[in-house]
$ cat final.txt   # compact mmCIF, C-alpha atoms and all ligand atoms
# COMPACT_ATOMS: atom_id res chain seq x y z
CA MET A 1 1.81 -75.83 11.09
CA SER A 2 1.97 -72.50 9.36
CA ASN A 3 5.43 -71.62 10.62
CA LYS A 4 7.32 -74.01 8.41
CA ILE A 5 9.72 -72.50 5.96
CA LYS A 6 8.07 -72.42 2.61
CA GLY A 7 9.30 -71.14 -0.68
CA ASP A 8 6.65 -68.46 -0.45
CA LYS A 9 5.59 -69.42 -3.89
CA PRO A 10 2.51 -67.50 -4.86
CA THR A 11 -0.31 -69.94 -5.15
CA ALA A 12 -2.91 -68.14 -7.22
CA GLY A 13 -2.99 -68.54 -10.98
CA LEU A 14 -3.22 -65.76 -13.49
CA PHE A 15 -6.98 -65.38 -13.59
CA LYS A 16 -7.37 -65.82 -9.87
CA THR A 17 -4.84 -63.03 -9.43
CA LEU A 18 -6.92 -60.76 -11.64
CA GLY A 19 -9.97 -61.64 -9.55
CA MET A 20 -8.17 -61.02 -6.26
CA LEU A 21 -8.04 -57.30 -6.86
CA SER A 22 -11.82 -56.99 -6.92
CA GLU A 23 -12.10 -58.97 -3.70
CA LEU A 24 -10.07 -56.45 -1.72
CA THR A 25 -11.88 -54.06 0.60
CA PRO A 26 -12.47 -50.46 -0.54
CA GLU A 27 -9.74 -49.29 1.86
CA GLN A 28 -7.30 -51.77 0.38
CA GLN A 29 -8.21 -50.86 -3.19
CA ALA A 30 -7.87 -47.16 -2.43
CA LEU A 31 -4.39 -47.79 -1.08
CA ILE A 32 -3.35 -49.51 -4.29
CA LYS A 33 -4.87 -46.76 -6.39
CA LYS A 34 -3.47 -43.82 -4.45
CA LEU A 35 -0.20 -45.54 -3.60
CA ARG A 36 -0.43 -44.03 -0.16
CA ILE A 37 -0.76 -45.61 3.24
CA GLU A 38 -2.18 -43.31 5.85
CA GLY A 39 -3.69 -43.92 9.22
CA THR A 40 -3.42 -45.15 12.77
CA HIS A 41 -4.10 -48.77 13.68
CA THR A 42 -2.52 -51.33 15.94
CA ALA A 43 0.36 -53.28 14.39
CA GLU A 44 -1.85 -56.35 14.21
CA GLU A 45 -4.56 -54.42 12.37
CA TRP A 46 -2.01 -53.01 9.95
CA LEU A 47 -0.73 -56.48 9.17
CA GLU A 48 -4.25 -57.70 8.58
CA LEU A 49 -5.01 -54.78 6.28
CA LEU A 50 -1.80 -55.15 4.32
CA GLN A 51 -1.58 -58.94 4.23
CA GLU A 52 -4.02 -59.39 1.38
CA ILE A 53 -2.49 -56.53 -0.54
CA VAL A 54 0.94 -58.03 -0.15
CA LEU A 55 -0.37 -61.42 -1.23
CA TYR A 56 -2.02 -59.85 -4.25
CA ASP A 57 1.19 -58.01 -5.09
CA THR A 58 3.26 -61.20 -4.83
CA ASN A 59 0.88 -62.98 -7.20
CA ASN A 60 0.81 -59.99 -9.49
CA ASP A 61 4.61 -60.02 -9.80
CA ALA A 62 4.63 -63.76 -10.47
CA ALA A 63 1.83 -63.57 -13.02
CA ARG A 64 3.58 -60.80 -14.92
CA LYS A 65 6.77 -62.83 -15.00
CA LYS A 66 4.85 -65.71 -16.58
CA LEU A 67 3.22 -63.37 -19.07
CA THR A 68 6.60 -61.95 -20.04
CA ASN A 69 7.82 -65.49 -20.74
CA THR A 70 4.71 -66.23 -22.78
CA MET A 71 5.11 -63.03 -24.79
CA THR A 72 8.77 -63.75 -25.50
CA LEU A 73 8.10 -67.32 -26.55
CA THR A 74 5.10 -66.58 -28.78
CA GLY A 75 6.94 -63.62 -30.27
CA ILE A 76 9.92 -65.74 -31.24
CA LEU A 77 7.73 -68.56 -32.61
CA ALA A 78 5.61 -66.14 -34.62
CA PHE A 79 8.75 -64.62 -36.07
CA ILE A 80 10.15 -68.03 -37.03
CA SER A 81 6.83 -69.07 -38.57
CA LEU A 82 7.04 -66.12 -40.97
CA PHE A 83 9.97 -67.78 -42.70
CA ILE A 84 8.11 -71.04 -43.13
CA ILE A 85 4.97 -69.51 -44.64
CA GLY A 86 6.58 -69.28 -48.10
CA GLY A 87 7.19 -73.04 -48.25
CA PHE A 88 4.07 -74.07 -46.35
CA PRO A 89 1.27 -71.46 -46.48
CA PRO A 90 -1.12 -73.16 -43.98
CA ILE A 91 1.35 -72.18 -41.24
CA LEU A 92 -0.22 -68.72 -41.46
CA PHE A 93 -2.98 -69.96 -39.13
CA LEU A 94 -0.38 -70.81 -36.54
CA THR A 95 1.24 -67.39 -36.96
CA LEU A 96 -2.07 -65.65 -36.38
CA LEU A 97 -2.83 -67.83 -33.39
CA LEU A 98 0.55 -67.01 -31.87
CA LEU A 99 -0.02 -63.30 -32.45
CA LEU A 100 -3.41 -63.55 -30.79
CA VAL A 101 -1.88 -65.17 -27.72
CA LEU A 102 0.79 -62.47 -27.72
CA ILE A 103 -1.81 -59.70 -27.78
CA VAL A 104 -3.91 -61.24 -25.02
CA ALA A 105 -0.81 -61.71 -22.87
CA ALA A 106 0.19 -58.09 -23.44
CA VAL A 107 -3.24 -56.79 -22.48
CA LEU A 108 -3.24 -58.85 -19.30
CA TYR A 109 0.28 -57.74 -18.54
CA TYR A 110 -0.60 -54.05 -18.65
CA ARG A 111 -3.73 -54.61 -16.63
CA LEU A 112 -1.66 -56.19 -13.90
CA LYS A 113 1.09 -53.63 -14.23
CA GLY A 114 -1.44 -50.92 -13.46
CA SER A 115 -2.08 -52.28 -9.98
CA ASP A 116 1.48 -53.26 -9.17
CA LEU A 117 2.96 -51.99 -5.94
CA PRO A 118 6.59 -51.09 -5.33
CA ASN A 119 8.61 -53.52 -3.27
CA LEU A 120 8.90 -50.89 -0.55
CA LEU A 121 5.64 -52.19 0.87
CA ARG A 122 6.43 -55.89 0.75
CA PHE A 123 10.07 -55.83 1.63
CA TYR A 124 10.30 -52.86 3.96
CA ILE A 125 7.13 -51.49 5.51
CA PHE A 126 5.67 -54.92 6.07
CA PRO A 127 8.66 -56.38 7.94
CA LEU A 128 9.05 -53.09 9.81
CA ILE A 129 5.52 -53.43 11.17
CA ASN A 130 6.43 -56.98 12.16
CA VAL A 131 9.38 -55.70 14.17
CA LEU A 132 7.32 -52.94 15.77
CA LYS A 133 4.60 -55.41 16.65
CA GLU A 134 7.05 -57.43 18.72
CA GLU A 135 8.30 -54.23 20.30
CA SER A 136 4.99 -52.77 21.45
CA GLN A 137 1.94 -53.69 23.42
CA ALA A 138 -0.95 -55.19 21.50
CA GLN A 139 -3.15 -52.10 21.77
CA ALA A 140 -0.46 -49.52 21.01
CA PRO A 141 -1.51 -47.20 18.18
CA LEU A 142 0.86 -47.17 15.24
CA THR A 143 0.66 -44.25 12.84
CA ILE A 144 1.97 -44.76 9.34
CA HIS A 145 2.19 -42.35 6.45
CA ALA A 146 3.86 -43.88 3.47
CA TYR A 147 4.19 -42.87 -0.13
CA LEU A 148 4.60 -45.76 -2.52
CA GLY A 149 4.40 -43.95 -5.84
CA LYS A 150 6.90 -42.59 -8.30
CA LYS A 151 9.59 -40.50 -6.64
CA VAL A 152 11.07 -38.81 -9.66
CA SER A 153 8.10 -36.62 -10.50
CA GLU A 154 7.21 -32.93 -10.79
CA GLU A 155 5.50 -33.01 -7.42
CA PHE A 156 8.82 -33.49 -5.63
CA LEU A 157 11.08 -31.40 -7.84
CA VAL A 158 13.12 -28.93 -5.80
CA LYS A 159 15.41 -27.43 -8.41
CA GLU A 160 16.70 -28.11 -11.85
CA GLU A 161 19.79 -26.80 -13.56
CA ALA A 162 21.65 -27.31 -16.79
CA ASN A 163 25.38 -26.82 -17.21
CA SER A 164 26.43 -23.79 -19.17
CA ASN A 165 28.41 -25.79 -21.72
CA ARG A 166 27.54 -24.75 -25.21
CA GLY A 167 28.85 -28.02 -26.60
CA TYR A 168 28.90 -31.52 -25.19
CA PRO A 169 28.58 -33.06 -22.70
CA LYS A 170 25.32 -31.44 -21.73
CA VAL A 171 24.28 -32.14 -18.19
CA ARG A 172 20.87 -31.47 -16.76
CA THR A 173 20.65 -31.98 -13.02
CA SER A 174 17.35 -32.28 -11.18
CA HIS A 175 16.94 -32.48 -7.45
CA TYR A 176 13.96 -34.11 -5.79
CA GLU A 177 13.01 -34.30 -2.18
CA VAL A 178 10.61 -37.08 -1.31
CA PRO A 179 9.40 -37.71 2.23
CA PHE A 180 8.20 -41.27 1.84
CA LEU A 181 7.80 -42.73 5.29
CA PHE A 182 6.64 -41.50 8.65
CA VAL A 183 6.06 -43.86 11.55
CA ASP A 184 5.04 -42.98 15.06
CA THR A 185 4.32 -45.32 17.94
CA ARG A 186 4.79 -46.16 21.59
CA LEU A 187 6.97 -49.11 22.49
CA SER A 188 6.28 -51.50 25.32
CA ASP A 189 9.11 -50.09 27.44
CA GLY A 190 7.19 -46.80 27.43
CA SER A 191 9.47 -45.13 24.89
CA LEU A 192 8.00 -43.00 22.15
CA LEU A 193 9.42 -43.64 18.73
CA SER A 194 9.06 -41.63 15.58
CA ILE A 195 10.77 -42.33 12.29
CA GLU A 196 10.99 -40.10 9.27
CA MET A 197 12.58 -41.12 6.05
CA ARG A 198 13.08 -38.93 3.03
CA ASP A 199 14.96 -39.32 -0.20
CA LEU A 200 17.08 -36.56 -1.62
CA ILE A 201 17.45 -37.58 -5.22
CA ARG A 202 19.88 -36.15 -7.69
CA LYS A 203 19.10 -37.08 -11.26
CA ARG A 204 21.66 -36.29 -13.94
CA ARG A 205 20.88 -36.57 -17.60
CA ILE A 206 24.14 -36.57 -19.41
CA THR A 207 24.18 -36.14 -23.18
CA LYS A 208 27.51 -36.94 -24.80
CA ARG A 209 28.85 -37.00 -28.31
CA ASN A 210 31.39 -39.69 -29.00
CA PRO A 211 34.32 -39.18 -31.40
CA ARG A 212 32.29 -40.56 -34.29
CA GLY A 213 29.66 -37.91 -33.74
CA LYS A 214 27.02 -40.21 -32.28
CA ILE A 215 24.91 -38.62 -29.53
CA LYS A 216 24.07 -40.63 -26.49
CA THR A 217 22.09 -39.82 -23.35
CA LYS A 218 22.51 -41.49 -20.00
CA THR A 219 20.61 -40.95 -16.76
CA LYS A 220 22.33 -41.40 -13.44
CA TYR A 221 20.91 -41.25 -9.96
CA LYS A 222 22.28 -40.61 -6.55
CA ILE A 223 19.86 -41.10 -3.69
CA LYS A 224 20.60 -39.97 -0.17
CA VAL A 225 18.18 -41.63 2.18
CA ASN A 226 17.82 -39.41 5.21
CA TYR A 227 16.76 -41.01 8.45
CA GLU A 228 15.51 -38.98 11.33
CA VAL A 229 14.69 -41.05 14.37
CA ARG A 230 13.35 -39.54 17.54
CA ILE A 231 13.10 -41.60 20.70
CA GLY A 232 11.65 -40.31 23.96
CA PHE A 233 13.01 -42.57 26.69
CA PRO A 234 11.03 -42.43 29.95
CA LYS A 235 13.28 -41.22 32.79
CA LYS A 236 11.50 -43.64 35.07
CA THR A 237 13.09 -46.49 33.16
CA TYR A 238 16.27 -45.15 31.58
CA GLU A 239 19.11 -42.81 32.33
CA LEU A 240 21.85 -41.50 30.10
CA THR A 241 25.11 -43.45 29.94
CA SER A 242 27.15 -40.33 29.33
CA THR A 243 26.96 -36.60 29.87
CA GLN A 244 24.77 -34.59 27.57
CA ALA A 245 27.80 -32.92 26.03
CA GLU A 246 29.27 -36.28 25.08
CA LEU A 247 25.98 -37.36 23.65
CA VAL A 248 25.36 -34.78 21.00
CA GLY A 249 27.06 -33.62 17.85
CA ASN A 250 28.63 -35.77 15.21
CA VAL A 251 29.38 -39.17 16.53
CA ALA A 252 31.08 -42.02 14.79
CA ASP A 253 29.62 -43.44 11.56
CA LYS A 254 28.18 -40.06 10.61
CA ALA A 255 25.16 -39.97 12.88
CA LYS A 256 24.09 -36.56 14.13
CA VAL A 257 22.59 -36.60 17.57
CA LYS A 258 20.58 -33.92 19.32
CA PHE A 259 19.41 -34.09 22.87
CA LYS A 260 16.42 -32.61 24.66
CA GLU A 261 14.67 -33.42 27.85
CA ASN A 262 11.44 -32.68 29.60
CA GLU A 263 10.09 -33.66 32.95
CA LYS A 264 9.40 -37.23 31.96
CA ARG A 265 11.69 -38.00 29.09
CA ASN A 266 15.16 -37.90 27.64
CA ILE A 267 14.65 -37.28 23.98
CA LEU A 268 17.23 -38.21 21.39
CA ASN A 269 17.05 -37.05 17.82
CA ILE A 270 19.31 -39.10 15.58
CA ARG A 271 20.00 -38.42 11.94
CA LYS A 272 21.82 -40.69 9.62
CA ARG A 273 21.96 -41.20 5.90
CA GLN A 274 22.51 -43.95 3.45
CA ILE A 275 23.38 -43.64 -0.22
CA TYR A 276 22.02 -45.57 -3.16
CA THR A 277 22.50 -45.23 -6.90
CA ASN A 278 19.62 -47.42 -8.04
CA ILE A 279 16.38 -45.47 -8.22
CA SER A 280 14.25 -48.51 -7.42
CA TYR A 281 16.24 -49.44 -4.34
CA VAL A 282 14.56 -50.95 -1.29
CA PRO A 283 16.07 -49.59 1.93
CA ASP A 284 17.82 -51.93 4.30
CA ILE A 285 15.73 -52.50 7.39
CA THR A 286 18.73 -53.32 9.56
CA PHE A 287 20.09 -49.85 8.85
CA LEU A 288 17.00 -48.27 10.37
CA LEU A 289 17.19 -50.65 13.32
CA SER A 290 20.84 -49.69 13.81
CA VAL A 291 19.82 -46.01 14.06
CA ILE A 292 17.30 -46.90 16.78
CA ALA A 293 19.92 -49.12 18.44
CA ASP A 294 22.29 -46.11 18.49
CA GLY A 295 19.71 -44.42 20.70
CA TYR A 296 19.24 -47.38 23.03
CA GLU A 297 22.97 -47.72 23.43
CA LYS A 298 23.06 -44.28 25.01
CA MET A 299 20.72 -45.44 27.76
CA ARG A 300 21.00 -47.67 30.74
CA GLN A 301 18.34 -48.79 33.13
CA SER A 302 17.57 -46.26 35.85
CA ALA A 303 18.91 -47.21 39.24
CA MET B 1 0.36 -74.46 33.31
CA LYS B 2 3.70 -73.46 31.79
CA ARG B 3 4.37 -70.25 29.90
CA CYS B 4 6.48 -69.81 26.79
CA GLN B 5 10.02 -68.69 27.65
CA ILE B 6 11.08 -67.51 24.21
CA LYS B 7 12.31 -63.93 24.21
CA THR B 8 10.52 -61.59 21.89
CA GLY B 9 11.32 -57.96 21.20
CA PHE B 10 14.31 -56.38 19.58
CA PHE B 11 15.72 -53.53 21.67
CA VAL B 12 14.13 -54.72 24.87
CA LEU B 13 13.69 -58.45 25.27
CA LYS B 14 10.76 -59.90 27.10
CA GLU B 15 9.40 -63.38 27.58
CA CYS B 16 6.62 -64.39 25.21
CA GLY B 17 4.44 -65.69 28.06
CA ALA B 18 1.85 -67.45 25.93
CA ILE B 19 0.65 -70.87 27.08
CA ALA B 20 3.35 -73.45 26.38
CA THR B 21 2.40 -76.55 24.45
CA ALA B 22 5.86 -78.07 24.18
CA ARG B 23 9.33 -78.15 25.60
CA CYS B 24 12.38 -77.64 23.39
CA ARG B 25 14.43 -80.82 23.04
CA SER B 26 17.64 -78.79 22.88
CA CYS B 27 17.43 -75.89 25.35
CA LYS B 28 14.56 -77.33 27.44
CA LYS B 29 12.67 -74.07 27.39
CA TYR B 30 8.90 -74.15 27.43
CA VAL B 31 7.53 -73.09 24.05
CA CYS B 32 4.17 -71.91 22.80
CA GLU B 33 2.66 -73.08 19.52
CA ALA B 34 3.83 -69.98 17.64
CA HIS B 35 7.47 -70.41 18.64
CA ILE B 36 7.85 -74.08 17.69
CA ALA B 37 10.14 -74.17 14.69
CA GLU B 38 10.39 -77.85 13.99
CA GLN B 39 8.66 -80.94 15.24
CA GLY B 40 8.70 -84.68 14.72
CA LYS B 41 6.26 -86.57 12.51
CA PRO B 42 2.65 -86.58 13.72
CA GLN B 43 2.70 -90.22 14.80
CA ASP B 44 5.86 -89.62 16.84
CA ASP B 45 4.16 -86.62 18.35
CA MET B 46 1.31 -88.76 19.51
CA ALA B 47 3.64 -91.28 21.13
CA VAL B 48 5.51 -88.63 23.03
CA LEU B 49 2.34 -86.89 23.96
CA THR B 50 0.77 -90.04 25.44
CA ASN B 51 3.91 -90.92 27.34
CA THR B 52 4.15 -87.51 28.84
CA THR B 53 0.56 -87.56 29.88
CA THR B 54 0.81 -90.86 31.71
CA GLU B 55 4.15 -89.92 33.18
CA THR B 56 3.11 -86.70 34.77
CA GLY B 57 -0.59 -87.18 34.83
CA THR B 58 -1.11 -83.49 34.27
CA SER B 59 0.36 -81.68 31.31
CA SER B 60 0.68 -82.88 27.75
CA LEU B 61 3.78 -81.07 26.62
CA ARG B 62 5.38 -82.36 23.48
CA LYS B 63 9.10 -82.93 23.76
CA ASP B 64 10.34 -83.66 20.27
CA VAL B 65 10.25 -80.06 19.13
CA LEU B 66 12.87 -77.46 18.46
CA CYS B 67 12.19 -73.90 19.54
CA ILE B 68 12.69 -70.99 17.17
CA GLU B 69 15.79 -69.77 19.01
CA CYS B 70 17.56 -73.13 18.77
CA TYR B 71 16.38 -73.62 15.20
CA THR B 72 17.83 -70.25 14.21
CA LYS B 73 21.18 -71.09 15.80
CA MET B 74 21.33 -74.53 14.15
CA ASN B 75 20.24 -73.42 10.69
CA LYS B 76 22.20 -70.23 10.14
CA GLU B 77 23.33 -71.14 6.65
CA LYS B 78 19.96 -72.24 5.40
CA LEU B 79 18.33 -69.10 6.77
CA SER B 80 21.01 -66.76 5.50
CA GLU B 81 20.55 -68.24 2.04
CA LYS B 82 16.88 -67.38 2.19
CA TYR B 83 17.12 -63.98 3.84
CA HIS B 84 20.47 -62.50 2.81
CA LYS B 85 18.61 -59.97 0.71
CA GLY B 86 16.22 -59.16 3.54
CA TYR B 87 12.58 -59.96 4.08
CA ARG B 88 11.21 -61.79 1.08
CA SER B 89 8.11 -63.47 2.44
CA SER B 90 4.52 -62.85 1.63
CA THR B 91 3.19 -64.09 4.94
CA THR B 92 2.19 -61.82 7.78
CA ASN B 93 4.29 -63.40 10.39
CA ASP B 94 7.58 -64.81 9.22
CA ILE B 95 9.16 -65.56 12.57
CA PHE B 96 12.08 -67.27 10.86
CA TRP B 97 13.10 -64.00 9.27
CA TYR B 98 12.56 -62.14 12.51
CA PHE B 99 14.73 -64.41 14.64
CA TYR B 100 17.38 -64.81 11.96
CA MET B 101 17.56 -61.06 11.40
CA ARG B 102 17.65 -60.30 15.12
CA ASP B 103 20.36 -62.87 15.69
CA SER B 104 22.61 -61.54 12.95
CA PHE B 105 21.90 -57.93 13.90
CA TYR B 106 23.06 -58.49 17.48
CA ARG B 107 26.20 -60.13 16.17
CA ASN B 108 27.03 -57.67 13.39
CA HIS B 109 26.27 -54.54 15.39
CA HIS B 110 27.53 -55.86 18.72
CA TYR B 111 24.21 -54.83 20.11
CA GLN B 112 23.28 -55.86 23.62
CA PRO B 113 19.51 -55.66 24.08
CA PHE B 114 17.95 -54.74 27.39
CA ASP B 115 16.75 -57.92 28.99
CA ASP B 116 15.20 -57.17 32.27
CA TYR B 117 11.58 -57.19 31.72
CA ASP B 118 10.63 -58.64 35.05
CA THR B 119 11.98 -55.69 37.01
CA ASP B 120 9.52 -52.99 37.90
CA SER B 121 11.04 -50.22 35.87
CA PHE B 122 9.88 -51.82 32.64
CA ASN B 123 6.34 -52.26 33.77
CA THR B 124 4.77 -49.55 31.81
CA THR B 125 1.56 -47.95 32.67
CA SER B 126 0.41 -44.89 30.89
CA TYR B 127 2.83 -42.08 30.29
CA GLY B 128 1.10 -38.81 29.71
CA SER B 129 2.55 -36.23 27.41
CA ASP B 130 4.18 -36.87 24.10
CA PHE B 131 7.24 -35.24 22.68
CA ASP B 132 7.76 -31.58 23.18
CA ASP B 133 7.70 -30.11 19.80
CA ASP B 134 11.15 -29.26 18.56
CA ASP B 135 12.77 -28.35 15.30
CA GLY B 136 12.84 -31.96 14.25
CA SER B 137 10.57 -31.61 11.28
CA ALA B 138 12.56 -28.79 9.69
CA SER B 139 13.92 -29.58 6.30
CA PHE B 140 17.50 -30.75 6.25
CA TYR B 141 18.01 -30.54 2.58
CA ASP B 142 21.65 -29.81 2.02
CA SER B 143 22.73 -31.64 -1.07
ZN ZN C 401 15.38 -74.33 22.23
ZN ZN C 402 5.90 -68.03 22.57

$ encode --input "final.txt" --output "structure tokens" --more "lines below"
Ligand SMILES: [Zn+2]
Ligand SMILES: [Zn+2]
Amino acid sequence: MSNKIKGDKPTAGLFKTLGMLSELTPEQQALIKKLRIEGTHTAEEWLELLQEIVLYDTNNDAARKKLTNTMTLTGILAFISLFIIGGFPPILFLTLLLLLVLIVAAVLYYRLKGSDLPNLLRFYIFPLINVLKEESQAQAPLTIHAYLGKKVSEEFLVKEEANSNRGYPKVRTSHYEVPFLFVDTRLSDGSLLSIEMRDLIRKRRITKRNPRGKIKTKTKYKIKVNYEVRIGFPKKTYELTSTQAELVGNVADKAKVKFKENEKRNILNIRKRQIYTNISYVPDITFLLSVIADGYEKMRQSA
Amino acid sequence: MKRCQIKTGFFVLKECGAIATARCRSCKKYVCEAHIAEQGKPQDDMAVLTNTTTETGTSSLRKDVLCIECYTKMNKEKLSEKYHKGYRSSTTNDIFWYFYMRDSFYRNHHYQPFDDYDTDSFNTTSYGSDFDDDDGSASFYDS
């Protein structure tokens, strides 16, 4: 029975993990290389495409952890052996052997590091597809555009400014805008759903001089994750629970709601944001679901 | 032939409807293979299976199973330990996470899903046009 709770321990060893990469399809390898997901498939097809990548990534993370341990251990032992050489010269062979292991481990580590994927795929996009799969008909097309690469990079730089202080502290502030996820699909209740997520990143490099004249630099981040969720509810199925005027504007918990309608649909546009200070954060999937739920809560079944 | 009665979906619940192979020992719902969360040892299974077959003469539904909904309710702590940080599996279909997450979401957000799939209004055929284009894609950079 495959449903049993398992520890999800990666099963492949180090060398098998290295081999796994070459066994991936060209589409899967391109995804890892470009760090972009782009296309339209059914949810089931997406899961199939991403499953092996996710499995590879899990094994990659585990293998690198092991290599880090190996490098630490051999490093320490090699260092200790240096002190023994004086009293017992043959130990030099052991020292060299340890260094060799250390070098091999380091090479393998960087090879694996090169094809590592951010946790955004494993811990966010993947479960999100799982949720959408349960929410839509088997053949429903699901469009995904996702960027998995580095967010703090020239490509996304919006503006940069330094404070005018002649002395310390010197502060250089850079702003980045990174659209990293777009999802578009049709749910099984006939609703159209589109999700856009973008990070507005403020990076501050603060250079300070302490009273003893030592100069220190710190980097701090503030990330505003902007959610824009658009849901087109079919009028055939749903009607609004309140008047349009009550619906829009700033509602509680800082969501901004806009309303539009056409012949067939009531369309809600909901914006919300979440703040993080860790640049390698993984967004919280229940937050996104709560934004969608905000939309559903404004609907009731048509009479 | 019985159909699985487990509710799938998040915002709109609907019955799974796959062919049931068991009946939950706790809630008595019919359950398909995918929504069985826990079952007795294989030999016990066989015993129950044979009994059922002779009893009814028709179906061979196993009875010593627990459905995913009941399992989630009975194992909240164990599941929250595993998933408090979110989805951490490397399998395609971690239904334990899904049902645990859904359960706690409904509770924490006081969310009441639509649950009326058998009425006509939810029977979707094809809806034609997509969204009208609006200003939705405009930048909202305002740091
Ligand atoms: Zn049950
Ligand atoms: Zn089922």

$ residues_near_ligand --input "final.txt" --ligand "ligand ZN 402 (chain C)" --cutoff "9 Å" --atoms "only C-alpha atoms and all ligand atoms" --output "PDB file with C-alpha atoms, in the frame of the given file"
ATOM      1  CA  ARG B   3       4.370 -70.250  29.900  1.00  0.00           C
ATOM      2  CA  CYS B   4       6.480 -69.810  26.790  1.00  0.00           C
ATOM      3  CA  GLN B   5      10.020 -68.690  27.650  1.00  0.00           C
ATOM      4  CA  ILE B   6      11.080 -67.510  24.210  1.00  0.00           C
ATOM      5  CA  LYS B   7      12.310 -63.930  24.210  1.00  0.00           C
ATOM      6  CA  THR B   8      10.520 -61.590  21.890  1.00  0.00           C
ATOM      7  CA  GLU B  15       9.400 -63.380  27.580  1.00  0.00           C
ATOM      8  CA  CYS B  16       6.620 -64.390  25.210  1.00  0.00           C
ATOM      9  CA  GLY B  17       4.440 -65.690  28.060  1.00  0.00           C
ATOM     10  CA  ALA B  18       1.850 -67.450  25.930  1.00  0.00           C
ATOM     11  CA  ILE B  19       0.650 -70.870  27.080  1.00  0.00           C
ATOM     12  CA  ALA B  20       3.350 -73.450  26.380  1.00  0.00           C
ATOM     13  CA  TYR B  30       8.900 -74.150  27.430  1.00  0.00           C
ATOM     14  CA  VAL B  31       7.530 -73.090  24.050  1.00  0.00           C
ATOM     15  CA  CYS B  32       4.170 -71.910  22.800  1.00  0.00           C
ATOM     16  CA  GLU B  33       2.660 -73.080  19.520  1.00  0.00           C
ATOM     17  CA  ALA B  34       3.830 -69.980  17.640  1.00  0.00           C
ATOM     18  CA  HIS B  35       7.470 -70.410  18.640  1.00  0.00           C
ATOM     19  CA  ILE B  36       7.850 -74.080  17.690  1.00  0.00           C
TER      20      ILE B  36
END

$ residues_near_point --input "final.txt" --point "(20.5, -51.8, 5.8)" --cutoff "12 Å" --atoms "all atoms listed in the file" --output "PDB file with C-alpha atoms, in the frame of the given file"
ATOM      1  CA  PHE A 123      10.070 -55.830   1.630  1.00  0.00           C
ATOM      2  CA  TYR A 124      10.300 -52.860   3.960  1.00  0.00           C
ATOM      3  CA  VAL A 225      18.180 -41.630   2.180  1.00  0.00           C
ATOM      4  CA  TYR A 227      16.760 -41.010   8.450  1.00  0.00           C
ATOM      5  CA  LYS A 272      21.820 -40.690   9.620  1.00  0.00           C
ATOM      6  CA  ARG A 273      21.960 -41.200   5.900  1.00  0.00           C
ATOM      7  CA  GLN A 274      22.510 -43.950   3.450  1.00  0.00           C
ATOM      8  CA  ILE A 275      23.380 -43.640  -0.220  1.00  0.00           C
ATOM      9  CA  TYR A 276      22.020 -45.570  -3.160  1.00  0.00           C
ATOM     10  CA  TYR A 281      16.240 -49.440  -4.340  1.00  0.00           C
ATOM     11  CA  VAL A 282      14.560 -50.950  -1.290  1.00  0.00           C
ATOM     12  CA  PRO A 283      16.070 -49.590   1.930  1.00  0.00           C
ATOM     13  CA  ASP A 284      17.820 -51.930   4.300  1.00  0.00           C
ATOM     14  CA  ILE A 285      15.730 -52.500   7.390  1.00  0.00           C
ATOM     15  CA  THR A 286      18.730 -53.320   9.560  1.00  0.00           C
ATOM     16  CA  PHE A 287      20.090 -49.850   8.850  1.00  0.00           C
ATOM     17  CA  LEU A 288      17.000 -48.270  10.370  1.00  0.00           C
ATOM     18  CA  LEU A 289      17.190 -50.650  13.320  1.00  0.00           C
ATOM     19  CA  SER A 290      20.840 -49.690  13.810  1.00  0.00           C
ATOM     20  CA  VAL A 291      19.820 -46.010  14.060  1.00  0.00           C
TER      21      VAL A 291
ATOM     22  CA  HIS B  84      20.470 -62.500   2.810  1.00  0.00           C
ATOM     23  CA  LYS B  85      18.610 -59.970   0.710  1.00  0.00           C
ATOM     24  CA  GLY B  86      16.220 -59.160   3.540  1.00  0.00           C
ATOM     25  CA  TYR B  87      12.580 -59.960   4.080  1.00  0.00           C
ATOM     26  CA  MET B 101      17.560 -61.060  11.400  1.00  0.00           C
ATOM     27  CA  PHE B 105      21.900 -57.930  13.900  1.00  0.00           C
ATOM     28  CA  ASN B 108      27.030 -57.670  13.390  1.00  0.00           C
ATOM     29  CA  HIS B 109      26.270 -54.540  15.390  1.00  0.00           C
TER      30      HIS B 109
END

$ residues_near_ligand --input "final.txt" --ligand "ligand ZN 401 (chain C)" --cutoff "7 Å" --atoms "all atoms listed in the file" --output "PyMOL selection string"
chain B and resi 24-29+66-70

$ residues_near_point --input "final.txt" --point "(20.1, -63.1, 16.1)" --cutoff "12 Å" --atoms "only C-alpha atoms" --output "VMD selection string"
(chain A and resid 286) or (chain B and resid 7 to 11 68 to 76 79 to 80 95 to 113)

$ residues_around --input "final.txt" --residues "region 23-37 of chain A" --least-positions-apart "4" --cutoff "12 Å" --atoms "all atoms listed in the file" --output "ChimeraX atom specification"
/A:16-19,41,46-57,112-121,125-126,143-151,179-183

$ closest_residue --input "final.txt" --among "A:Glu160, A:Asn210, A:Pro127, A:Leu187" --to "Ser89 (chain B)" --atoms "all atoms listed in the file"
A:Pro127

$ atom_distance --input "final.txt" --atom1 "CA of Met299 (chain A)" --atom2 "CA of Lys254 (chain A)"
19.5 Å

$ residues_around --input "final.txt" --residues "Ile267 (chain A)" --least-positions-apart "3" --cutoff "6 Å" --atoms "all atoms listed in the file" --output "mmCIF file with C-alpha atoms, keeping the file's coordinate frame"
data_model
loop_
_atom_site.group_PDB
_atom_site.id
_atom_site.type_symbol
_atom_site.label_atom_id
_atom_site.label_comp_id
_atom_site.auth_asym_id
_atom_site.auth_seq_id
_atom_site.Cartn_x
_atom_site.Cartn_y
_atom_site.Cartn_z
ATOM 1 C CA ILE A 231 13.100 -41.600 20.700
ATOM 2 C CA GLY A 232 11.650 -40.310 23.960
ATOM 3 C CA PHE A 259 19.410 -34.090 22.870
ATOM 4 C CA LYS A 260 16.420 -32.610 24.660
ATOM 5 C CA GLU A 261 14.670 -33.420 27.850
#
